[in-house]
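The next block holds one structure in the form of structure tokens; read it before the comments.
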Amino acid sequence: MISYILRRIAYAFPILVGVNIITFILFFVVNTPDDMARMQLGMKRVSETAITKWKEERGYDKPILWNSSSESLEKITDTIFFQNSVKLFVFDFGRSDSGRDIGHDISQRMWPSLAITVPSLLLGLLAYISFGLTLAFFRGSYVDVSGVILCVVMMSISGLFYIIGGQYLIGKFLHLVPISGYDTGFNAIKFTILPILVGLIGGIGASTRWYRTIFLEEMGKDYVRTAKAKGLSEARVLYQHVLMNGLIPILTGVVVVLPSLFMGSLIVESFFAIPGLGSYTIDAISRQDFAIVRSMVFLGSVLYIIGLILTDISYTLVDPRVRLN
Amino acid sequence: MMPVIFVTDALIFLLVFMVVVYVFYARQHEHLRAPWHNVSSRPLAMSAAIILAIYIVVGLLDSLHFHPKLEVTKSSDTIYSTEVSSVLDLVLGDLHQNTERTYSAPLASYAFAKEMIDLPDGKQTRTYPRLKYGGAHLDEPATDSAADITKNIFIGCVFGLVISSILLGLITFILSKAHKTSFRRVLKQIYKNDFHVAWTAMIITMSLTIIVLTIVYNLAQYYHVFGTDKVGQDVLYQAIKSIRTGLVIGTLTTLVMLPFAIMMGLMAGYFRGWIDDVIQYLYTTLNSIPGVLLIAASILLLQVYIGNHADDFNSIEERADLRLLFLCIILGITSWTGLCRLLRAETLKLREIDYVQAAQAFGVSNLSIMLRHLLPNVMHIVMISIVIDFSGLVLAEAVLSYINIGVDPSMNSWGNMINGARLEMAREPIVWWSLAAAFVFMFVLVLAANLFSDAVRDAFDPRLRH
């Protein structure tokens with residue numbers, strides 16, 4: 001088991017290198033530090049000295065790959081590639097273009113993100129699985145047909161409208177919870193209710209339909225016929241046999257997103273003014289802070305790859321037929 | 001008129017050409033004709049197809065661009081406006097020019113906010129001013145407008161009924177010729193829903209949409225049906241112009257990524273070995289970069305490029321069009337991996353089947369095995385993924401525009417409409433019509449696409465075939 005995990009991590013390394021090279025090319029080669037400086041300082045009428053100063057402050061004045069003016073090992077280390085890309089591998093994100101410590105910002109901002117994403121995921125699983133199972137139980141009947149139609153209608157509505165609608169209803173009529181903002185400690189809970197609820201409702205259509213399909217597929221299998229032939233009741237077959245086997249594809253689908261929960265949700269966080277990593281990224285995009293966007297690209301990729309590894313491991317845990325090799 | 005062809009226009013018409021070729025190809029091949037025949041027998045799917053067709057016609061009309069001729073011509077040579085217009089603008093008539101000063105509610109005759117107005121006797125008063133175009137034909141809008149609107153809805157309804165009965169007659173006539181039966185018999189069959197092709201559902205949908213369209217068209221002659229936005233532009237016009245943007249994102253993205261995905265998927269599955277490893281590495285790497293961030297990074301780069309090369313573009317429209325194309329390419333890069341993986345898995349299975357083995361034994365070249373034996377047998381996967389991706393891409397456009405990494409802010413798009421309206425949510429009373437218009441137009445398109453894609457998937461997926 002341990003050797004398998006180690007091997008998987010070793011496989012992940014070249015992918016991270018690839019991600020790193022892609023981001024490096026995107027941010028430093030296609031788009032040179034000169035362009036970035038001009039973007040930040042204003043497009044027109046920027047003096048050459050101002051650009052040089054901007055680059056010096058952020059260490060972007062170094063050569064890109066090979067510093068021939070330095071001594072021995074510094075020929076490689078004292079370059080943009082090493083300082084800004086290789087260091088990402090040890091999670092040294094450096095400073096943002098506005099001078100803040102990115103690593104510190106991330107460690108601060110991941111908690112509000114988690115406060116939204118973790119409850120959303122758990123409650124969502126609970127709700128969608130029960131809905132999916134209910135529809136599968138009533139398959140072919142009017143409950144099923146109207147449920148599926150409702151799902152299609154709900155998944156045809158853009159997520160933006162769920163958020164806007166939710167904020168409007170609460171802000172206008174109900175006044176139960178604040179419509180946006182955040183607080184420290186346990187006071188934060190009342191701010192998280194609306195985003196979680198909106199996220200849940202927005203996801204109902206697609207997820208319920210997907211889970212229903214999974215359960216229906218399971219119900220066509222031989223072991224279900226055997227269980228019924230044994231004389232088990234429909235409900236028992238559904239809740240014991242079908243649910244347990246249907247959980248395999250569902251759980252492995254969930255495991256892959258687990259690490260990415262840290263990143264938060266871009267849209268939800270920016271609409272509800274939650275100071276998590278999602279809104280951090282959005283702010284960076286709108287302020288055109290390349291250093292933060294670069295760090296988030298790398299962080300996101302690392303988390304995704306961790307998710308892939310966890311998925312493979314969880315397969316072997318829940319499904320004994322899958323062997324490690 | 002001097003025609004202008006944007007890059008996306010050219011690609012759209014390439015796509016239309018490909019669809020036409022596909023239709024002729026599919027008609028001659030039983031394995032393609034059968035599933036489409038199946039789709040055509042589903043009432044829900046065919047109703048959705050009618051709606052989609054209307055959107056597509058609007059989108060195509062909006063893709064024929066030209067520089068309109070300027071009125072003032074002193075010398076003999078004609079001068080063309082720098083503005084870019086489309087055939088759709090001709091159809092919509094004055095909708096574009098009829099701008100008010102600022103917000104006005106749907107079907108209103110008065111502005112949304114009070115203003116200081118000079119009265120004829122020289123005094124000033126603070127009241128809701130009359131709109132320049134909305135309800136301009138009325139003398140006393142406060143009392144007459146409700147009756148006038150009802151009258152116009154009624155007229156529109158009558159026109160709609162007339163047009164749809166003519167259409168019904170035409171379809172019945174064509175069907176009676178095709179089936180070589182009497183006109184009455186076909187009419188009865190339609191009434192009893194007795195055709196294999198879901199004609200009844202199609203005719204009902206067509207009539208309903210025609211009635212809605214004629215009502216809206218009739219009202220739009222005198223009112224702003226969906227109100228006006230901050231700068232006084234007709235919201236209905238914006239929503240209609242946004243159709244093209246949505247369709248371009250939904251279709252061109254797939255068109256751009258399709259060659260890649262097919263080539264890579266087939267090669268990885270067929271050759272296996274190191275080629276498979278390289279391609280798998282490529283798509284895992286691309287997949288592991290969060291899509292939104294990759295798009296954001298690329299759009300930032302494009303902005304820098306446009307900023308540095310501002311002189312290369314003749315017009316704002318051209319620049320916006322380049323950005324739209326670029327967005328399609330980036331969305332394609334982030335979304336081809338899914339299809340590629342599916343194709344690879346299917347090809348891995350297919351290459352072990354006898355006919356491929358036989359072709360190899362005969363010494364058929366790898367290229368022609370892939371083109372003649374593998375490609376036709378994975379086309380159903382391609383087909384399904386094209387229709388399923390479409391609605392997701394239309395929805396994605398709105399989200400991307402919301403975080404300012406979508407289409408150009410000067411371009412009409414539902415995302416930009418939502419983005420603009422979002423800032424007005426805090427107003428009292430609320431300015432809801434931009435949101436409502438974007439919502440209705442998007443919802444109808446995405447719902448129709450979802451229903452249609454479900455039917456296509458059911459018909460083409462061999463696992464679901466019974």
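Ordering of the structure tokens sets the chain letters (A, B, ...), residue numbers begin anew at 1 in every chain, and ligands are numbered from 1 in the order given.
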
If you take only C-alpha atoms and a cut-off of 6 Å, which residues of chain B touch chain A, and what are their nearest atom pairs and distances in Å to one decimal, in chain and number order, as JSON lines?
```
{"residue": "B:Thr285", "atom": "CA", "partner": "A:Ile15", "partner_atom": "CA", "distance": 5.3}
{"residue": "B:Ser288", "atom": "CA", "partner": "A:Ser301", "partner_atom": "CA", "distance": 4.7}
{"residue": "B:Ile289", "atom": "CA", "partner": "A:Ser301", "partner_atom": "CA", "distance": 4.8}
{"residue": "B:Pro290", "atom": "CA", "partner": "A:Gly300", "partner_atom": "CA", "distance": 5.9}
{"residue": "B:Leu395", "atom": "CA", "partner": "A:Ser158", "partner_atom": "CA", "distance": 5.8}
{"residue": "B:Phe443", "atom": "CA", "partner": "A:Ile157", "partner_atom": "CA", "distance": 5.7}
{"residue": "B:Val446", "atom": "CA", "partner": "A:Ser156", "partner_atom": "CA", "distance": 5.3}
{"residue": "B:Leu447", "atom": "CA", "partner": "A:Ser156", "partner_atom": "CA", "distance": 5.1}
```

With all heavy atoms kept, could you save the residues just selected as a compact mmCIF listing (two decimals), in the first residue's frame?
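This is the output file part.txt:
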```txt
# COMPACT_ATOMS: atom_id res chain seq x y z
N THR B 285 -2.16 16.98 -17.37
CA THR B 285 -1.56 18.25 -16.97
C THR B 285 -2.53 19.40 -17.20
O THR B 285 -2.77 20.22 -16.32
CB THR B 285 -0.27 18.50 -17.77
OG1 THR B 285 0.56 17.36 -17.64
CG2 THR B 285 0.45 19.72 -17.26
N SER B 288 -5.41 19.39 -14.83
CA SER B 288 -5.17 19.68 -13.42
C SER B 288 -5.08 21.17 -13.15
O SER B 288 -5.19 21.60 -12.02
CB SER B 288 -3.91 18.98 -12.94
OG SER B 288 -2.81 19.49 -13.61
N ILE B 289 -4.91 21.98 -14.21
CA ILE B 289 -4.97 23.42 -14.00
C ILE B 289 -6.44 23.82 -13.90
O ILE B 289 -7.21 23.49 -14.79
CB ILE B 289 -4.31 24.19 -15.15
CG1 ILE B 289 -2.86 23.76 -15.28
CG2 ILE B 289 -4.41 25.68 -14.93
CD1 ILE B 289 -2.15 24.40 -16.43
N PRO B 290 -6.84 24.50 -12.82
CA PRO B 290 -8.25 24.88 -12.71
C PRO B 290 -8.68 25.70 -13.93
O PRO B 290 -8.02 26.67 -14.28
CB PRO B 290 -8.28 25.74 -11.44
CG PRO B 290 -7.05 25.40 -10.70
CD PRO B 290 -6.04 24.96 -11.69
N LEU B 395 -23.97 28.55 -20.39
CA LEU B 395 -24.02 28.98 -19.00
C LEU B 395 -22.67 29.52 -18.54
O LEU B 395 -22.59 30.48 -17.79
CB LEU B 395 -24.45 27.82 -18.10
CG LEU B 395 -25.90 27.35 -18.25
CD1 LEU B 395 -26.16 26.17 -17.36
CD2 LEU B 395 -26.86 28.47 -17.93
N PHE B 443 -32.58 30.93 -20.34
CA PHE B 443 -33.28 29.76 -19.84
C PHE B 443 -33.92 28.98 -20.98
O PHE B 443 -33.80 27.76 -21.06
CB PHE B 443 -34.33 30.19 -18.82
CG PHE B 443 -35.18 29.08 -18.31
CD1 PHE B 443 -34.63 28.08 -17.52
CD2 PHE B 443 -36.52 29.01 -18.61
CE1 PHE B 443 -35.41 27.05 -17.06
CE2 PHE B 443 -37.31 27.98 -18.15
CZ PHE B 443 -36.75 27.00 -17.37
N VAL B 446 -31.12 27.24 -23.05
CA VAL B 446 -30.44 26.14 -22.35
C VAL B 446 -31.40 24.98 -22.11
O VAL B 446 -31.03 23.81 -22.28
CB VAL B 446 -29.83 26.64 -21.03
CG1 VAL B 446 -29.24 25.49 -20.24
CG2 VAL B 446 -28.76 27.66 -21.31
N LEU B 447 -32.65 25.32 -21.76
CA LEU B 447 -33.62 24.25 -21.54
C LEU B 447 -33.85 23.47 -22.84
O LEU B 447 -33.83 22.22 -22.85
CB LEU B 447 -34.94 24.84 -21.03
CG LEU B 447 -36.02 23.82 -20.70
CD1 LEU B 447 -35.55 22.92 -19.57
CD2 LEU B 447 -37.32 24.50 -20.31
```

Original post:
So which residues touch segment 167-178 of chain B within 10 Å, counting only C-alpha atoms, skipping near sequence neighbours fewer than 5 positions away, as an MDAnalysis selection string?
Top reply: chainID B and resid 161:162 183:190 199 203:204 206:207

Any chance you can output those residues with N, CA and C atoms as an mmCIF file, in the first residue's frame?
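Now in result_18.cif:
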```
data_model
loop_
_atom_site.group_PDB
_atom_site.id
_atom_site.type_symbol
_atom_site.label_atom_id
_atom_site.label_comp_id
_atom_site.auth_asym_id
_atom_site.auth_seq_id
_atom_site.Cartn_x
_atom_site.Cartn_y
_atom_site.Cartn_z
ATOM 1 N N LEU B 161 -51.983 33.950 -35.056
ATOM 2 C CA LEU B 161 -52.889 32.852 -35.415
ATOM 3 C C LEU B 161 -52.977 32.698 -36.928
ATOM 4 N N VAL B 162 -53.081 33.848 -37.621
ATOM 5 C CA VAL B 162 -53.158 33.794 -39.085
ATOM 6 C C VAL B 162 -51.908 33.151 -39.658
ATOM 7 N N PHE B 183 -55.419 15.905 -48.350
ATOM 8 C CA PHE B 183 -55.155 16.987 -47.419
ATOM 9 C C PHE B 183 -55.895 16.766 -46.097
ATOM 10 N N ARG B 184 -57.193 16.404 -46.220
ATOM 11 C CA ARG B 184 -58.015 16.193 -45.033
ATOM 12 C C ARG B 184 -57.475 15.068 -44.161
ATOM 13 N N ARG B 185 -57.053 14.018 -44.803
ATOM 14 C CA ARG B 185 -56.548 12.849 -44.084
ATOM 15 C C ARG B 185 -55.327 13.237 -43.232
ATOM 16 N N VAL B 186 -54.408 13.999 -43.866
ATOM 17 C CA VAL B 186 -53.202 14.423 -43.146
ATOM 18 C C VAL B 186 -53.582 15.298 -41.965
ATOM 19 N N LEU B 187 -54.544 16.208 -42.198
ATOM 20 C CA LEU B 187 -54.979 17.111 -41.125
ATOM 21 C C LEU B 187 -55.518 16.296 -39.947
ATOM 22 N N LYS B 188 -56.279 15.260 -40.270
ATOM 23 C CA LYS B 188 -56.833 14.410 -39.229
ATOM 24 C C LYS B 188 -55.716 13.670 -38.483
ATOM 25 N N GLN B 189 -54.744 13.206 -39.284
ATOM 26 C CA GLN B 189 -53.626 12.481 -38.663
ATOM 27 C C GLN B 189 -52.848 13.385 -37.712
ATOM 28 N N ILE B 190 -52.641 14.639 -38.140
ATOM 29 C CA ILE B 190 -51.925 15.577 -37.269
ATOM 30 C C ILE B 190 -52.727 15.776 -35.988
ATOM 31 N N TRP B 199 -44.944 15.478 -35.643
ATOM 32 C CA TRP B 199 -45.423 16.706 -36.292
ATOM 33 C C TRP B 199 -46.339 17.508 -35.394
ATOM 34 N N ILE B 203 -45.839 21.363 -34.566
ATOM 35 C CA ILE B 203 -46.762 22.409 -35.029
ATOM 36 C C ILE B 203 -47.278 23.226 -33.857
ATOM 37 N N ILE B 204 -47.572 22.547 -32.734
ATOM 38 C CA ILE B 204 -48.046 23.294 -31.557
ATOM 39 C C ILE B 204 -46.966 24.271 -31.090
ATOM 40 N N MET B 206 -44.500 25.483 -32.775
ATOM 41 C CA MET B 206 -44.290 26.527 -33.777
ATOM 42 C C MET B 206 -45.369 27.598 -33.658
ATOM 43 N N SER B 207 -46.621 27.143 -33.537
ATOM 44 C CA SER B 207 -47.702 28.129 -33.438
ATOM 45 C C SER B 207 -47.537 29.000 -32.203
#
```

Original post:
Which one is closest to Ser242 of chain B: B:Val23, B:Met417, B:Val39, B:Ile306? Count only C-alpha atoms.
Top reply: B:Met417

Original post:
Running DSSP on the backbone, which parts of segment 79-258 of chain B land in strand (DSSP E), as a PyMOL selection string?
Top reply: chain B and resi 85-86+115-118+124-127

Got time to write the residues from that selection, C-alpha atoms, as a PDB file, in the first residue's frame?
```
ATOM      1  CA  SER B  85     -24.333  46.397 -38.617  1.00  0.00           C
ATOM      2  CA  SER B  86     -25.878  43.021 -39.332  1.00  0.00           C
ATOM      3  CA  GLU B 115     -36.717  64.700 -13.335  1.00  0.00           C
ATOM      4  CA  MET B 116     -37.060  68.471 -13.396  1.00  0.00           C
ATOM      5  CA  ILE B 117     -39.204  69.424 -16.356  1.00  0.00           C
ATOM      6  CA  ASP B 118     -39.984  72.821 -17.813  1.00  0.00           C
ATOM      7  CA  GLN B 124     -40.563  73.852 -13.358  1.00  0.00           C
ATOM      8  CA  THR B 125     -41.930  70.729 -11.798  1.00  0.00           C
ATOM      9  CA  ARG B 126     -40.487  67.445 -10.607  1.00  0.00           C
ATOM     10  CA  THR B 127     -42.241  64.535 -12.271  1.00  0.00           C
TER      11      THR B 127
END
```

Original post:
Looking at only C-alpha atoms, which of B:Leu302, B:Ala320, B:Ala239, B:Ala34 is the one that sits closest to Ser413 of chain B?
Top reply: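 Of B:Leu302, B:Ala320, B:Ala239, B:Ala34, the one nearest Ser413 of chain B is B:Ala239, counting only C-alpha atoms.
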
Subject >> Shell around segment 152-159 of chain B at 9 Å using only C-alpha atoms, local window under 6 positions removed, as a PyMOL selection string >> reply: chain B and resi 211-219

Subject >> Who sits within 10 Å of segment 140-148 of chain B, only C-alpha atoms, same chain under 2 positions skipped, as a list in words >> reply: Leu107, Ala108, Ser109, Tyr110, Arg130, Gly134, Gly135, Ala136, His137, Leu138, Thr150, Lys151, Asn152, Ile153, Phe154, Leu219 and Tyr222 of chain B

Please produce a file of the residues just selected, as an mmCIF file, in the first residue's frame, where the atoms kept are C-alpha atoms.
```
data_model
loop_
_atom_site.group_PDB
_atom_site.id
_atom_site.type_symbol
_atom_site.label_atom_id
_atom_site.label_comp_id
_atom_site.auth_asym_id
_atom_site.auth_seq_id
_atom_site.Cartn_x
_atom_site.Cartn_y
_atom_site.Cartn_z
ATOM 1 C CA LEU B 107 -43.950 48.713 -21.542
ATOM 2 C CA ALA B 108 -43.712 52.039 -19.745
ATOM 3 C CA SER B 109 -44.590 55.390 -21.244
ATOM 4 C CA TYR B 110 -42.889 57.401 -18.514
ATOM 5 C CA ARG B 130 -42.560 61.104 -21.007
ATOM 6 C CA GLY B 134 -42.156 54.219 -25.438
ATOM 7 C CA GLY B 135 -45.870 54.913 -25.813
ATOM 8 C CA ALA B 136 -45.130 58.069 -27.828
ATOM 9 C CA HIS B 137 -48.276 57.639 -29.933
ATOM 10 C CA LEU B 138 -50.579 58.042 -26.946
ATOM 11 C CA THR B 150 -54.145 44.988 -24.488
ATOM 12 C CA LYS B 151 -55.215 46.037 -27.967
ATOM 13 C CA ASN B 152 -51.713 45.480 -29.342
ATOM 14 C CA ILE B 153 -51.433 42.093 -27.676
ATOM 15 C CA PHE B 154 -54.761 41.160 -29.259
ATOM 16 C CA LEU B 219 -45.633 45.685 -28.955
ATOM 17 C CA TYR B 222 -44.719 51.205 -29.788
#
```

Subject >> Residues near Met46 of chain B, cut-off 9 Å, only C-alpha atoms, skip fewer than 3 positions along chain, as a PyMOL selection string >> reply: chain B and resi 39-43+49-51+197-199+201-202+205+452

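Distance check against Leu342 of chain B using only C-alpha atoms: of B:Ser434, B:Ser315, B:Gln280, B:Ser368, the minimum falls on B:Gln280.
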
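Among the candidates B:Ile5, B:Leu52, B:Met442, B:Ile149, the residue lying nearest to Val84 of chain B is B:Ile5 (atoms considered: only C-alpha atoms).
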